[in-house]
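Chemist: Input: one structure, supplied below.
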Amino acid sequence: MIKGLSGDVTVNVIASIIASLVLLAAGFLWGKFKERRKYGRNLEDYDFYPFTINRENFPEFNLKDFRLGMHYFLKNNDYTAARQLIFIGEQNNVRGQLEPSAEYLENYVRIVRLIGKSFPNSGIEILLHNLADPSHSLIVLENNVTGRHLRDGTTNLLIDLKKRQLLHEEKLNYELNIGARRFKCTTIPILRKDFGIVGAICINIDANYLTDEVMQSKERIEAWFKNFCRTDMQLDENILSKDDYAKAMKGQRHFKDEAS
């Protein structure tokens with residue numbers, strides 16, 4: 001009987017030890033899991049670690065895998081691996097590889113400058129932002145009415161445009177009231193495949209200038225319209241449709257003129 005009791009005690013002790021070891025192991029693994037969730041994994045634990053071995057058996061930076069990692073961490077939190085990815089990207093000049101080149105915006109630079117120069121001293125400002133460099137984004141500024149300077153940065157413009165893009169909203173004909181200043185504005189995002197929003201064209205009309213200055217007298221209104229309609233050359237070409245061309249030849253003066 002004593003031997004039976006001794007055997008039962010031994011079994012219970014062994015079972016308790018095994019249960020304790022299981023619980024200890026489970027607690028250890030749970031702690032490691034929580035720690036990993038909090039601090040993340042190393043970047044090399046992911047399939048998109050941005051280095052491959054080339055034919056000469058040398059490690060080579062892989063931009064495609066870097067972009068896969070970038071898109072993954074935009075949706076999933078892993079602070080450790082994300083920091084490592086950023087560090088590797090900076091080491092391999094990934095900013096220069098991913099950012100759209102200056103040549104892409106060059107045509108927009110010309111467009112904005114020519115539109116601005118078409119309406120000088122009119123209170124209508126037009127500018128171009130290069131959103132690949134938000135802290136120095138302003139690269140073209142014509143007919144300055146906001147007091148900004150080239151190479152000035154933008155604040156939340158890129159974030160706001162991305163939100164509106166997701167909501168399929170246009171940033172068209174909106175009003176800004178800043179202290180005593182009032183503006184009518186339109187912002188047109190510039191999109192590039194694989195990069196998203198890379199720039200923005202902004203049109204800002206100084207509403208107070210028009211109401212407080214231009215409209216104060218008949219002479220000022222006439223001067224503003226003369227400047228607005230001023231031309232530098234005259235060409236012989238047709239921009240009208242066939243029907244409107246015929247009406248113009250008969251004496252129609254503008255598109256709402258029904259006299260002819």
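Chain labels run A, B, ... following the order of the structure tokens; each chain numbers its residues from 1, and ligands are numbered from 1 in the order shown.
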Just the residues within 7 Å of Arg41 in chain A, please, counting only C-alpha atoms, with nothing from its chain fewer than 4 positions along; format it as a ChimeraX atom specification.
Modeler: /A:36,45,78,80-81
Chemist: Leaving out Arg181 in chain A and any residue of its chain fewer than 2 positions from it, which residues lie within 9 Å of it when counting only C-alpha atoms, given as a list of chain:residue names?
Modeler: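 Residues near the query, excluding close chain neighbours: A:Leu176, A:Asn177, A:Ile178, A:Gly179, A:Phe183, A:Asp206, A:Ala207, A:Asn208.
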Chemist: Quick one: write out the picked residues with C-alpha atoms as an mmCIF file, in the first residue's frame?
Modeler:
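Output below, filename part_13.cif:
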data_model
loop_
_atom_site.group_PDB
_atom_site.id
_atom_site.type_symbol
_atom_site.label_atom_id
_atom_site.label_comp_id
_atom_site.auth_asym_id
_atom_site.auth_seq_id
_atom_site.Cartn_x
_atom_site.Cartn_y
_atom_site.Cartn_z
ATOM 1 C CA LEU A 176 -9.885 80.142 -48.580
ATOM 2 C CA ASN A 177 -10.250 82.771 -45.870
ATOM 3 C CA ILE A 178 -6.976 83.622 -44.101
ATOM 4 C CA GLY A 179 -7.419 86.515 -41.705
ATOM 5 C CA PHE A 183 -9.070 83.570 -52.283
ATOM 6 C CA ASP A 206 -7.013 87.142 -54.948
ATOM 7 C CA ALA A 207 -10.723 87.907 -54.536
ATOM 8 C CA ASN A 208 -10.118 90.939 -52.330
#
Chemist: Per DSSP on the backbone, filter range 105-218 of chain A down to the residues in alpha helix (DSSP H) and report them as a PyMOL selection string.
Modeler: chain A and resi 105-118+157-166+207-208+218
Chemist: Can you spit out the residues from that selection as a PDB file, in the first residue's frame, using C-alpha atoms?
Modeler:
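Heads up, here's the output in again-v1.pdb:
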ATOM      1  CA  LEU A 105       7.674  67.794 -64.613  1.00  0.00           C
ATOM      2  CA  GLU A 106       9.591  69.926 -67.095  1.00  0.00           C
ATOM      3  CA  ASN A 107       6.690  70.153 -69.524  1.00  0.00           C
ATOM      4  CA  TYR A 108       4.380  71.194 -66.662  1.00  0.00           C
ATOM      5  CA  VAL A 109       6.920  73.878 -65.740  1.00  0.00           C
ATOM      6  CA  ARG A 110       6.578  75.337 -69.232  1.00  0.00           C
ATOM      7  CA  ILE A 111       2.769  75.059 -69.198  1.00  0.00           C
ATOM      8  CA  VAL A 112       2.448  76.893 -65.875  1.00  0.00           C
ATOM      9  CA  ARG A 113       4.883  79.624 -66.872  1.00  0.00           C
ATOM     10  CA  LEU A 114       3.141  80.303 -70.189  1.00  0.00           C
ATOM     11  CA  ILE A 115      -0.350  80.356 -68.656  1.00  0.00           C
ATOM     12  CA  GLY A 116       0.882  82.719 -65.948  1.00  0.00           C
ATOM     13  CA  LYS A 117       2.559  85.030 -68.443  1.00  0.00           C
ATOM     14  CA  SER A 118      -0.691  85.129 -70.452  1.00  0.00           C
ATOM     15  CA  LEU A 157      -1.178  69.424 -49.638  1.00  0.00           C
ATOM     16  CA  LEU A 158       0.017  65.940 -50.602  1.00  0.00           C
ATOM     17  CA  ILE A 159      -1.941  64.237 -47.797  1.00  0.00           C
ATOM     18  CA  ASP A 160      -5.082  66.170 -48.684  1.00  0.00           C
ATOM     19  CA  LEU A 161      -4.790  65.305 -52.393  1.00  0.00           C
ATOM     20  CA  LYS A 162      -4.295  61.609 -51.601  1.00  0.00           C
ATOM     21  CA  LYS A 163      -7.402  61.591 -49.389  1.00  0.00           C
ATOM     22  CA  ARG A 164      -9.451  63.271 -52.111  1.00  0.00           C
ATOM     23  CA  GLN A 165      -8.113  60.826 -54.689  1.00  0.00           C
ATOM     24  CA  LEU A 166      -9.403  57.915 -52.586  1.00  0.00           C
ATOM     25  CA  ALA A 207     -10.723  87.907 -54.536  1.00  0.00           C
ATOM     26  CA  ASN A 208     -10.118  90.939 -52.330  1.00  0.00           C
ATOM     27  CA  LYS A 218     -14.659 102.467 -63.883  1.00  0.00           C
TER      28      LYS A 218
END
Chemist: Would you please extract all strand (DSSP E or B) residues from range 86-228 of chain A, as assigned by DSSP on the backbone, and give them as a VMD selection string?
Modeler: chain A and resid 124 to 130 138 to 142 171 to 178 181 to 192 196 to 206
Chemist: Write the residues of the preceding selection, restricted to C-alpha atoms, as a PDB file, in the first residue's frame.
Modeler:
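Just written: part_30.pdb:
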ATOM      1  CA  ILE A 124      -4.493  85.396 -60.725  1.00  0.00           C
ATOM      2  CA  GLU A 125      -1.576  83.357 -59.397  1.00  0.00           C
ATOM      3  CA  ILE A 126      -0.558  80.025 -60.883  1.00  0.00           C
ATOM      4  CA  LEU A 127       2.127  77.800 -59.418  1.00  0.00           C
ATOM      5  CA  LEU A 128       3.599  74.322 -59.646  1.00  0.00           C
ATOM      6  CA  HIS A 129       4.543  72.023 -56.768  1.00  0.00           C
ATOM      7  CA  ASN A 130       7.015  69.160 -57.079  1.00  0.00           C
ATOM      8  CA  LEU A 138       7.390  75.248 -55.051  1.00  0.00           C
ATOM      9  CA  ILE A 139       9.257  75.231 -58.377  1.00  0.00           C
ATOM     10  CA  VAL A 140       7.222  77.682 -60.524  1.00  0.00           C
ATOM     11  CA  LEU A 141       5.394  80.808 -59.356  1.00  0.00           C
ATOM     12  CA  GLU A 142       3.740  83.309 -61.712  1.00  0.00           C
ATOM     13  CA  LYS A 171     -10.220  70.164 -55.422  1.00  0.00           C
ATOM     14  CA  LEU A 172     -12.051  72.622 -57.647  1.00  0.00           C
ATOM     15  CA  ASN A 173     -13.312  76.170 -56.999  1.00  0.00           C
ATOM     16  CA  TYR A 174     -12.797  76.235 -53.239  1.00  0.00           C
ATOM     17  CA  GLU A 175     -12.673  79.304 -51.017  1.00  0.00           C
ATOM     18  CA  LEU A 176      -9.885  80.142 -48.580  1.00  0.00           C
ATOM     19  CA  ASN A 177     -10.250  82.771 -45.870  1.00  0.00           C
ATOM     20  CA  ILE A 178      -6.976  83.622 -44.101  1.00  0.00           C
ATOM     21  CA  ARG A 181      -7.570  87.700 -47.068  1.00  0.00           C
ATOM     22  CA  ARG A 182      -9.981  85.793 -49.335  1.00  0.00           C
ATOM     23  CA  PHE A 183      -9.070  83.570 -52.283  1.00  0.00           C
ATOM     24  CA  LYS A 184     -10.793  81.449 -54.893  1.00  0.00           C
ATOM     25  CA  CYS A 185      -8.609  78.432 -55.611  1.00  0.00           C
ATOM     26  CA  THR A 186      -8.298  75.290 -57.706  1.00  0.00           C
ATOM     27  CA  THR A 187      -5.666  72.563 -57.245  1.00  0.00           C
ATOM     28  CA  ILE A 188      -4.985  70.042 -60.011  1.00  0.00           C
ATOM     29  CA  PRO A 189      -2.947  66.958 -59.028  1.00  0.00           C
ATOM     30  CA  ILE A 190      -0.353  65.577 -61.453  1.00  0.00           C
ATOM     31  CA  LEU A 191      -0.355  61.791 -61.503  1.00  0.00           C
ATOM     32  CA  ARG A 192       2.290  59.393 -62.720  1.00  0.00           C
ATOM     33  CA  GLY A 196       0.904  58.286 -57.679  1.00  0.00           C
ATOM     34  CA  ILE A 197       0.634  62.049 -57.119  1.00  0.00           C
ATOM     35  CA  VAL A 198       3.972  63.636 -58.044  1.00  0.00           C
ATOM     36  CA  GLY A 199       2.997  67.279 -58.400  1.00  0.00           C
ATOM     37  CA  ALA A 200       0.193  69.807 -58.370  1.00  0.00           C
ATOM     38  CA  ILE A 201      -0.809  72.893 -60.337  1.00  0.00           C
ATOM     39  CA  CYS A 202      -2.518  75.520 -58.176  1.00  0.00           C
ATOM     40  CA  ILE A 203      -4.547  78.531 -59.330  1.00  0.00           C
ATOM     41  CA  ASN A 204      -5.194  81.200 -56.682  1.00  0.00           C
ATOM     42  CA  ILE A 205      -7.350  84.249 -57.404  1.00  0.00           C
ATOM     43  CA  ASP A 206      -7.013  87.142 -54.948  1.00  0.00           C
TER      44      ASP A 206
END
Chemist: In Å to one decimal, how far is CA of Thr211 in chain A from CA of Arg253 in chain A?
Modeler: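 So the answer is 27.7 Å.
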Chemist: Would you mind listing what lies within 12 Å of range 229-234 of chain A as a ChimeraX atom specification, with only C-alpha atoms counted and same-chain residues fewer than 5 positions away left out?
Modeler: /A:117-122,222-224
Chemist: One decimal, in Å: what's the spacing between CA of Arg148 in chain A and CA of Ala132 in chain A?
Modeler: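 Distance between the two atoms: 18.9 Å.
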Chemist: Using only C-alpha atoms, determine which residues lie at most 10 Å from range 60-75 of chain A, disregarding the query and same-chain residues fewer than 6 positions distant; provide the list as a list in words.
Modeler: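 Residues meeting the cut-off are Leu43, Tyr46, Asp47, Phe48, Tyr49, Pro50, Phe51, Thr52, Ile53, Asn54, Ala81, Ala82, Leu85, Ile86, Ile88, Gly89, Gln91, Asn92, Val94, Gln97 and Leu98 of chain A.
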